[in-house]
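> Sending over a structure as structure tokens; questions will come in a sec.
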Amino acid sequence: MHPEVESMDYEQHKASFEYDSYAEVGFWKRYLEAAGAYQVMECYIDYESLQRKWALEHKVSLSSQWLKDILDAQIESFAPDVIYEDDATHLDPAWRSMVRSRFPSVRRFVAWDGYIKSDISRFDGCELVLTCVEGIRQRYLSRGVRCEILPFGFESGLLERHPDMNRYQTTFVGNIISEIHTYRL
């Protein structure tokens with residue numbers, strides 16, 4: 001984390017975060033909007049200091065459920081047709097149901113699932129699940145859930161943005177969670 005972000009407004013802070021290229025931040029918006037048919041708002045729901053800045057700047061009252069308070073206000077503000085979730089931790093079928101009833105603009109939910117042992121019922125209410133693993137795709141399809149492969153990729157522009165990356169001959173990009181990735185260890 002860069003200490004200077006604390007003094008930045010929401011847009012500056014978000015731009016700094018996206019420039020650092022954590023995960024795929026900023027790239028959905030860049031490429032979908034470049035296609036010419038989409039407007040995208042990316043919300044990094046579990047980045048608390050960034051989300052709280054958005055709430056402060058938009059005068060959103062927060063309860064102990066601040067994460068969902070802010071996300072609900074962002075949905076109300078942007079009025080999306082589609083919500084894409086890549087966070088299976090905080091969002092669930094009950095939340096999707098509430099969103100559908102409160103925000104009529106939302107017509108579809110798309111989710112990401114890259115964990116072979118996921119509880120598929122967690123994605124109830126999603127019209128499409130994306131994954132990078134054929135075995136996961138087959139699990140969804142066998143239960144009648146539309147699921148498509150979205151292979152991993154690499155944003156080549158990062159090499160220009162972060163020239164120091166070129167000095168490594170071997171790198172690992174991904175997760176190592178002992179309960180999940182036993183073979184990676």
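Within each chain, counting starts at residue 1; across the structure tokens, chains are named A, B, ... in the order shown, with ligands numbered 1 upward in that order.
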What parts of chain A does DSSP call alpha helix (DSSP H)? I'd like the answer as an NGL selection string.
:A and (10-19 or 27-34 or 48-57 or 66-78 or 93-102 or 134-142 or 157-161)
> Can you list, as a PDB file with N, CA and C atoms, in the first residue's frame, every protein, DNA or RNA residue that comes within 12 Å of segment 30-32 of chain A when you count only C-alpha atoms, leaving out same-chain residues fewer than 5 positions away?

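Output file around-v4.pdb is given in full below:
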```pdb
ATOM      1  N   GLU A  18      -5.391   0.712  -9.416  1.00  0.00           N
ATOM      2  CA  GLU A  18      -5.452   0.046 -10.718  1.00  0.00           C
ATOM      3  C   GLU A  18      -4.102   0.090 -11.430  1.00  0.00           C
ATOM      4  N   GLU A  24      -6.929  -8.343 -11.738  1.00  0.00           N
ATOM      5  CA  GLU A  24      -7.319  -7.851 -13.068  1.00  0.00           C
ATOM      6  C   GLU A  24      -7.945  -6.462 -12.991  1.00  0.00           C
ATOM      7  N   VAL A  25      -7.670  -5.730 -11.914  1.00  0.00           N
ATOM      8  CA  VAL A  25      -8.319  -4.437 -11.720  1.00  0.00           C
ATOM      9  C   VAL A  25      -8.094  -3.499 -12.899  1.00  0.00           C
ATOM     10  N   ALA A  37     -19.832  -1.000 -26.670  1.00  0.00           N
ATOM     11  CA  ALA A  37     -21.221  -1.291 -26.339  1.00  0.00           C
ATOM     12  C   ALA A  37     -21.480  -1.320 -24.835  1.00  0.00           C
ATOM     13  N   TYR A  38     -20.470  -1.001 -24.040  1.00  0.00           N
ATOM     14  CA  TYR A  38     -20.615  -1.161 -22.591  1.00  0.00           C
ATOM     15  C   TYR A  38     -20.118   0.061 -21.844  1.00  0.00           C
ATOM     16  N   GLN A  39     -20.758   0.304 -20.706  1.00  0.00           N
ATOM     17  CA  GLN A  39     -20.255   1.231 -19.705  1.00  0.00           C
ATOM     18  C   GLN A  39     -20.023   0.379 -18.466  1.00  0.00           C
ATOM     19  N   VAL A  40     -18.873   0.544 -17.834  1.00  0.00           N
ATOM     20  CA  VAL A  40     -18.492  -0.332 -16.729  1.00  0.00           C
ATOM     21  C   VAL A  40     -18.125   0.495 -15.509  1.00  0.00           C
ATOM     22  N   MET A  41     -18.614   0.056 -14.357  1.00  0.00           N
ATOM     23  CA  MET A  41     -18.182   0.594 -13.076  1.00  0.00           C
ATOM     24  C   MET A  41     -17.594  -0.570 -12.301  1.00  0.00           C
ATOM     25  N   GLU A  42     -16.320  -0.483 -11.969  1.00  0.00           N
ATOM     26  CA  GLU A  42     -15.694  -1.530 -11.168  1.00  0.00           C
ATOM     27  C   GLU A  42     -15.708  -1.102  -9.706  1.00  0.00           C
ATOM     28  N   GLU A 155      -1.991  -9.555 -19.381  1.00  0.00           N
ATOM     29  CA  GLU A 155      -2.098  -8.228 -19.972  1.00  0.00           C
ATOM     30  C   GLU A 155      -0.695  -7.755 -20.346  1.00  0.00           C
ATOM     31  N   GLY A 157       0.407  -5.176 -21.717  1.00  0.00           N
ATOM     32  CA  GLY A 157       0.688  -3.775 -21.412  1.00  0.00           C
ATOM     33  C   GLY A 157       1.353  -3.589 -20.058  1.00  0.00           C
TER      34      GLY A 157
END
```
> What is the distance between atom CA of Pro93 of chain A and atom CA of Gln138 of chain A, in Å to one decimal?
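So the two atoms, atom CA of Pro93 of chain A and atom CA of Gln138 of chain A, lie 21.0 Å apart.
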> Write out as a PyMOL selection string the residues lying within 9 Å of Ser16 of chain A, counting only C-alpha atoms and excluding same-chain residues fewer than 5 positions away.
chain A and resi 2+5+11
> Can you pull out every residue from segment 32-180 of chain A that DSSP, working from the backbone, puts in strand (DSSP E), and format the result as an MDAnalysis selection string?
chainID A and resid 82:85 108:112 128:131 147:149
> What does the file look like for those residues with N, CA, C and O atoms, as a short mmCIF file (atom, residue, chain, number, x, y, z; two decimals), in the first residue's frame?

```cif
data_model
loop_
_atom_site.label_atom_id
_atom_site.label_comp_id
_atom_site.auth_asym_id
_atom_site.auth_seq_id
_atom_site.Cartn_x
_atom_site.Cartn_y
_atom_site.Cartn_z
N VAL A 82 -26.07 -5.65 -15.80
CA VAL A 82 -25.39 -6.91 -15.45
C VAL A 82 -24.44 -6.64 -14.29
O VAL A 82 -23.75 -5.62 -14.28
N ILE A 83 -24.43 -7.55 -13.35
CA ILE A 83 -23.44 -7.49 -12.27
C ILE A 83 -22.54 -8.71 -12.42
O ILE A 83 -23.02 -9.85 -12.48
N TYR A 84 -21.26 -8.43 -12.51
CA TYR A 84 -20.25 -9.48 -12.57
C TYR A 84 -19.57 -9.57 -11.21
O TYR A 84 -19.07 -8.58 -10.71
N GLU A 85 -19.59 -10.77 -10.64
CA GLU A 85 -19.01 -10.98 -9.32
C GLU A 85 -17.79 -11.88 -9.45
O GLU A 85 -17.87 -12.95 -10.04
N ARG A 108 -29.15 -9.44 -14.99
CA ARG A 108 -28.34 -10.66 -15.01
C ARG A 108 -27.20 -10.57 -14.02
O ARG A 108 -26.63 -9.50 -13.80
N PHE A 109 -26.86 -11.75 -13.49
CA PHE A 109 -25.67 -11.90 -12.66
C PHE A 109 -24.73 -12.87 -13.35
O PHE A 109 -25.16 -13.95 -13.79
N VAL A 110 -23.48 -12.50 -13.43
CA VAL A 110 -22.43 -13.36 -13.95
C VAL A 110 -21.40 -13.48 -12.84
O VAL A 110 -21.10 -12.49 -12.17
N ALA A 111 -20.89 -14.69 -12.63
CA ALA A 111 -19.93 -14.89 -11.55
C ALA A 111 -18.70 -15.64 -12.05
O ALA A 111 -18.74 -16.32 -13.08
N TRP A 112 -17.65 -15.54 -11.29
CA TRP A 112 -16.40 -16.26 -11.54
C TRP A 112 -16.24 -17.33 -10.47
O TRP A 112 -16.43 -17.06 -9.28
N LEU A 128 -24.96 -16.94 -15.52
CA LEU A 128 -23.75 -17.47 -16.15
C LEU A 128 -22.64 -17.51 -15.12
O LEU A 128 -22.48 -16.58 -14.33
N VAL A 129 -21.88 -18.60 -15.13
CA VAL A 129 -20.68 -18.71 -14.32
C VAL A 129 -19.51 -18.89 -15.27
O VAL A 129 -19.58 -19.69 -16.21
N LEU A 130 -18.46 -18.13 -15.05
CA LEU A 130 -17.23 -18.25 -15.83
C LEU A 130 -16.19 -18.97 -14.99
O LEU A 130 -16.14 -18.80 -13.77
N THR A 131 -15.36 -19.76 -15.64
CA THR A 131 -14.29 -20.48 -14.95
C THR A 131 -13.12 -20.69 -15.91
O THR A 131 -13.28 -20.52 -17.13
N CYS A 147 -22.30 -22.41 -17.88
CA CYS A 147 -20.94 -22.14 -17.46
C CYS A 147 -20.04 -22.16 -18.68
O CYS A 147 -20.15 -23.06 -19.52
N GLU A 148 -19.17 -21.16 -18.78
CA GLU A 148 -18.26 -21.06 -19.93
C GLU A 148 -16.84 -20.91 -19.45
O GLU A 148 -16.58 -20.37 -18.37
N ILE A 149 -15.92 -21.36 -20.28
CA ILE A 149 -14.50 -21.23 -19.99
C ILE A 149 -14.02 -19.83 -20.39
O ILE A 149 -14.29 -19.36 -21.49
#
```
> If we count only C-alpha atoms and set the cut-off at 9 Å, which residues sit around Ala55 of chain A, ignoring sequence neighbours fewer than 3 positions away in its own chain? Please answer as a ChimeraX atom specification.
/A:50-52,58-62,69-70,73-74
> Could the residues in this selection be written to a file with N, CA, C and O atoms, as a PDB file, in the first residue's frame?

```
ATOM      1  N   LEU A  50     -10.810   2.241   0.246  1.00  0.00           N
ATOM      2  CA  LEU A  50     -11.281   2.803  -1.020  1.00  0.00           C
ATOM      3  C   LEU A  50     -12.812   2.903  -1.030  1.00  0.00           C
ATOM      4  O   LEU A  50     -13.372   3.946  -1.386  1.00  0.00           O
ATOM      5  N   GLN A  51     -13.476   1.843  -0.605  1.00  0.00           N
ATOM      6  CA  GLN A  51     -14.942   1.849  -0.589  1.00  0.00           C
ATOM      7  C   GLN A  51     -15.497   2.895   0.380  1.00  0.00           C
ATOM      8  O   GLN A  51     -16.477   3.570   0.092  1.00  0.00           O
ATOM      9  N   ARG A  52     -14.839   3.033   1.519  1.00  0.00           N
ATOM     10  CA  ARG A  52     -15.303   4.038   2.484  1.00  0.00           C
ATOM     11  C   ARG A  52     -15.130   5.459   1.933  1.00  0.00           C
ATOM     12  O   ARG A  52     -15.937   6.334   2.231  1.00  0.00           O
ATOM     13  N   HIS A  58     -20.087  10.225  -1.422  1.00  0.00           N
ATOM     14  CA  HIS A  58     -21.472  10.129  -1.890  1.00  0.00           C
ATOM     15  C   HIS A  58     -22.487  10.178  -0.743  1.00  0.00           C
ATOM     16  O   HIS A  58     -23.660   9.881  -0.938  1.00  0.00           O
ATOM     17  N   LYS A  59     -21.984  10.532   0.448  1.00  0.00           N
ATOM     18  CA  LYS A  59     -22.841  10.727   1.626  1.00  0.00           C
ATOM     19  C   LYS A  59     -23.711   9.502   1.928  1.00  0.00           C
ATOM     20  O   LYS A  59     -24.922   9.619   2.168  1.00  0.00           O
ATOM     21  N   VAL A  60     -23.086   8.336   1.928  1.00  0.00           N
ATOM     22  CA  VAL A  60     -23.790   7.088   2.212  1.00  0.00           C
ATOM     23  C   VAL A  60     -23.672   6.781   3.699  1.00  0.00           C
ATOM     24  O   VAL A  60     -22.559   6.765   4.250  1.00  0.00           O
ATOM     25  N   SER A  61     -24.809   6.567   4.352  1.00  0.00           N
ATOM     26  CA  SER A  61     -24.804   6.166   5.758  1.00  0.00           C
ATOM     27  C   SER A  61     -24.428   4.702   5.848  1.00  0.00           C
ATOM     28  O   SER A  61     -24.915   3.877   5.063  1.00  0.00           O
ATOM     29  N   LEU A  62     -23.596   4.377   6.827  1.00  0.00           N
ATOM     30  CA  LEU A  62     -23.110   3.011   6.955  1.00  0.00           C
ATOM     31  C   LEU A  62     -23.564   2.370   8.251  1.00  0.00           C
ATOM     32  O   LEU A  62     -23.572   2.999   9.301  1.00  0.00           O
ATOM     33  N   ASP A  69     -23.774  -2.022   2.356  1.00  0.00           N
ATOM     34  CA  ASP A  69     -24.350  -0.670   2.290  1.00  0.00           C
ATOM     35  C   ASP A  69     -23.746   0.104   1.123  1.00  0.00           C
ATOM     36  O   ASP A  69     -24.460   0.742   0.338  1.00  0.00           O
ATOM     37  N   ILE A  70     -22.430   0.048   1.013  1.00  0.00           N
ATOM     38  CA  ILE A  70     -21.737   0.793  -0.041  1.00  0.00           C
ATOM     39  C   ILE A  70     -22.032   0.190  -1.407  1.00  0.00           C
ATOM     40  O   ILE A  70     -22.344   0.898  -2.367  1.00  0.00           O
ATOM     41  N   ALA A  73     -25.417   1.161  -2.582  1.00  0.00           N
ATOM     42  CA  ALA A  73     -25.436   2.552  -3.037  1.00  0.00           C
ATOM     43  C   ALA A  73     -24.759   2.683  -4.401  1.00  0.00           C
ATOM     44  O   ALA A  73     -25.205   3.465  -5.250  1.00  0.00           O
ATOM     45  N   GLN A  74     -23.712   1.914  -4.639  1.00  0.00           N
ATOM     46  CA  GLN A  74     -23.045   1.959  -5.942  1.00  0.00           C
ATOM     47  C   GLN A  74     -23.967   1.399  -7.031  1.00  0.00           C
ATOM     48  O   GLN A  74     -24.020   1.937  -8.136  1.00  0.00           O
TER      49      GLN A  74
END
```
> Show me, as a PyMOL selection string, the residues that have an atom within 10 Å of Asp9 of chain A when counting only C-alpha atoms, minus same-chain residues fewer than 5 positions from it.
chain A and resi 14+50+53-54+56-57
> Please determine, counting only C-alpha atoms, which residue among A:Lys117, A:Lys29, A:His181, A:Lys68 has the shortest atom-to-atom distance to Tyr140 of chain A.
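Counting only C-alpha atoms, the residue closest to Tyr140 of chain A is A:Lys117.
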> Would you mind telling me which residue in A:Gly153, A:Pro163, A:Pro104, A:Pro3 lies nearest to Phe27 of chain A when using only C-alpha atoms?
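Counting only C-alpha atoms, the residue closest to Phe27 of chain A is A:Gly153.
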> Atom CA of Phe103 of chain A to atom CA of Glu76 of chain A: how many Å, to one decimal?
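Computing the Euclidean distance for atom CA of Phe103 of chain A and atom CA of Glu76 of chain A yields 6.9 Å.
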> Identify, on the basis of only C-alpha atoms, every residue whose closest approach to Arg122 of chain A does not exceed 9 Å; exclude the query and any residue fewer than 5 positions from it along the same chain; express the result as a ChimeraX atom specification.
/A:88,91-93
> Mind writing the picked residues with N, CA and C atoms as a PDB file, in the first residue's frame?

```pdb
ATOM      1  N   ALA A  88     -16.760 -14.670  -4.263  1.00  0.00           N
ATOM      2  CA  ALA A  88     -17.757 -15.603  -3.739  1.00  0.00           C
ATOM      3  C   ALA A  88     -17.845 -15.554  -2.222  1.00  0.00           C
ATOM      4  N   LEU A  91     -20.839 -12.235  -1.398  1.00  0.00           N
ATOM      5  CA  LEU A  91     -22.121 -12.166  -2.103  1.00  0.00           C
ATOM      6  C   LEU A  91     -22.713 -13.558  -2.192  1.00  0.00           C
ATOM      7  N   ASP A  92     -24.023 -13.637  -2.071  1.00  0.00           N
ATOM      8  CA  ASP A  92     -24.679 -14.944  -2.028  1.00  0.00           C
ATOM      9  C   ASP A  92     -26.070 -14.855  -2.659  1.00  0.00           C
ATOM     10  N   PRO A  93     -26.778 -15.979  -2.758  1.00  0.00           N
ATOM     11  CA  PRO A  93     -28.107 -15.963  -3.392  1.00  0.00           C
ATOM     12  C   PRO A  93     -29.094 -14.997  -2.734  1.00  0.00           C
TER      13      PRO A  93
END
```
> Interatomic distance between atom CA of Thr89 of chain A and atom CA of Leu67 of chain A?
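Computed distance, atom CA of Thr89 of chain A to atom CA of Leu67 of chain A, equals 11.8 Å.
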> Restricting the calculation to only C-alpha atoms: of A:Gly174, A:Gly125, A:Gly114, A:Pro80, which residue gets closest to Trp95 of chain A?
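Nearest candidate to Trp95 of chain A out of A:Gly174, A:Gly125, A:Gly114, A:Pro80: A:Gly125.
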> Between A:Leu71, A:Val173, A:Leu159, A:Ala34, which is the closest to Asp46 of chain A once you count only C-alpha atoms?
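Closest residue, counting only C-alpha atoms: A:Leu71.
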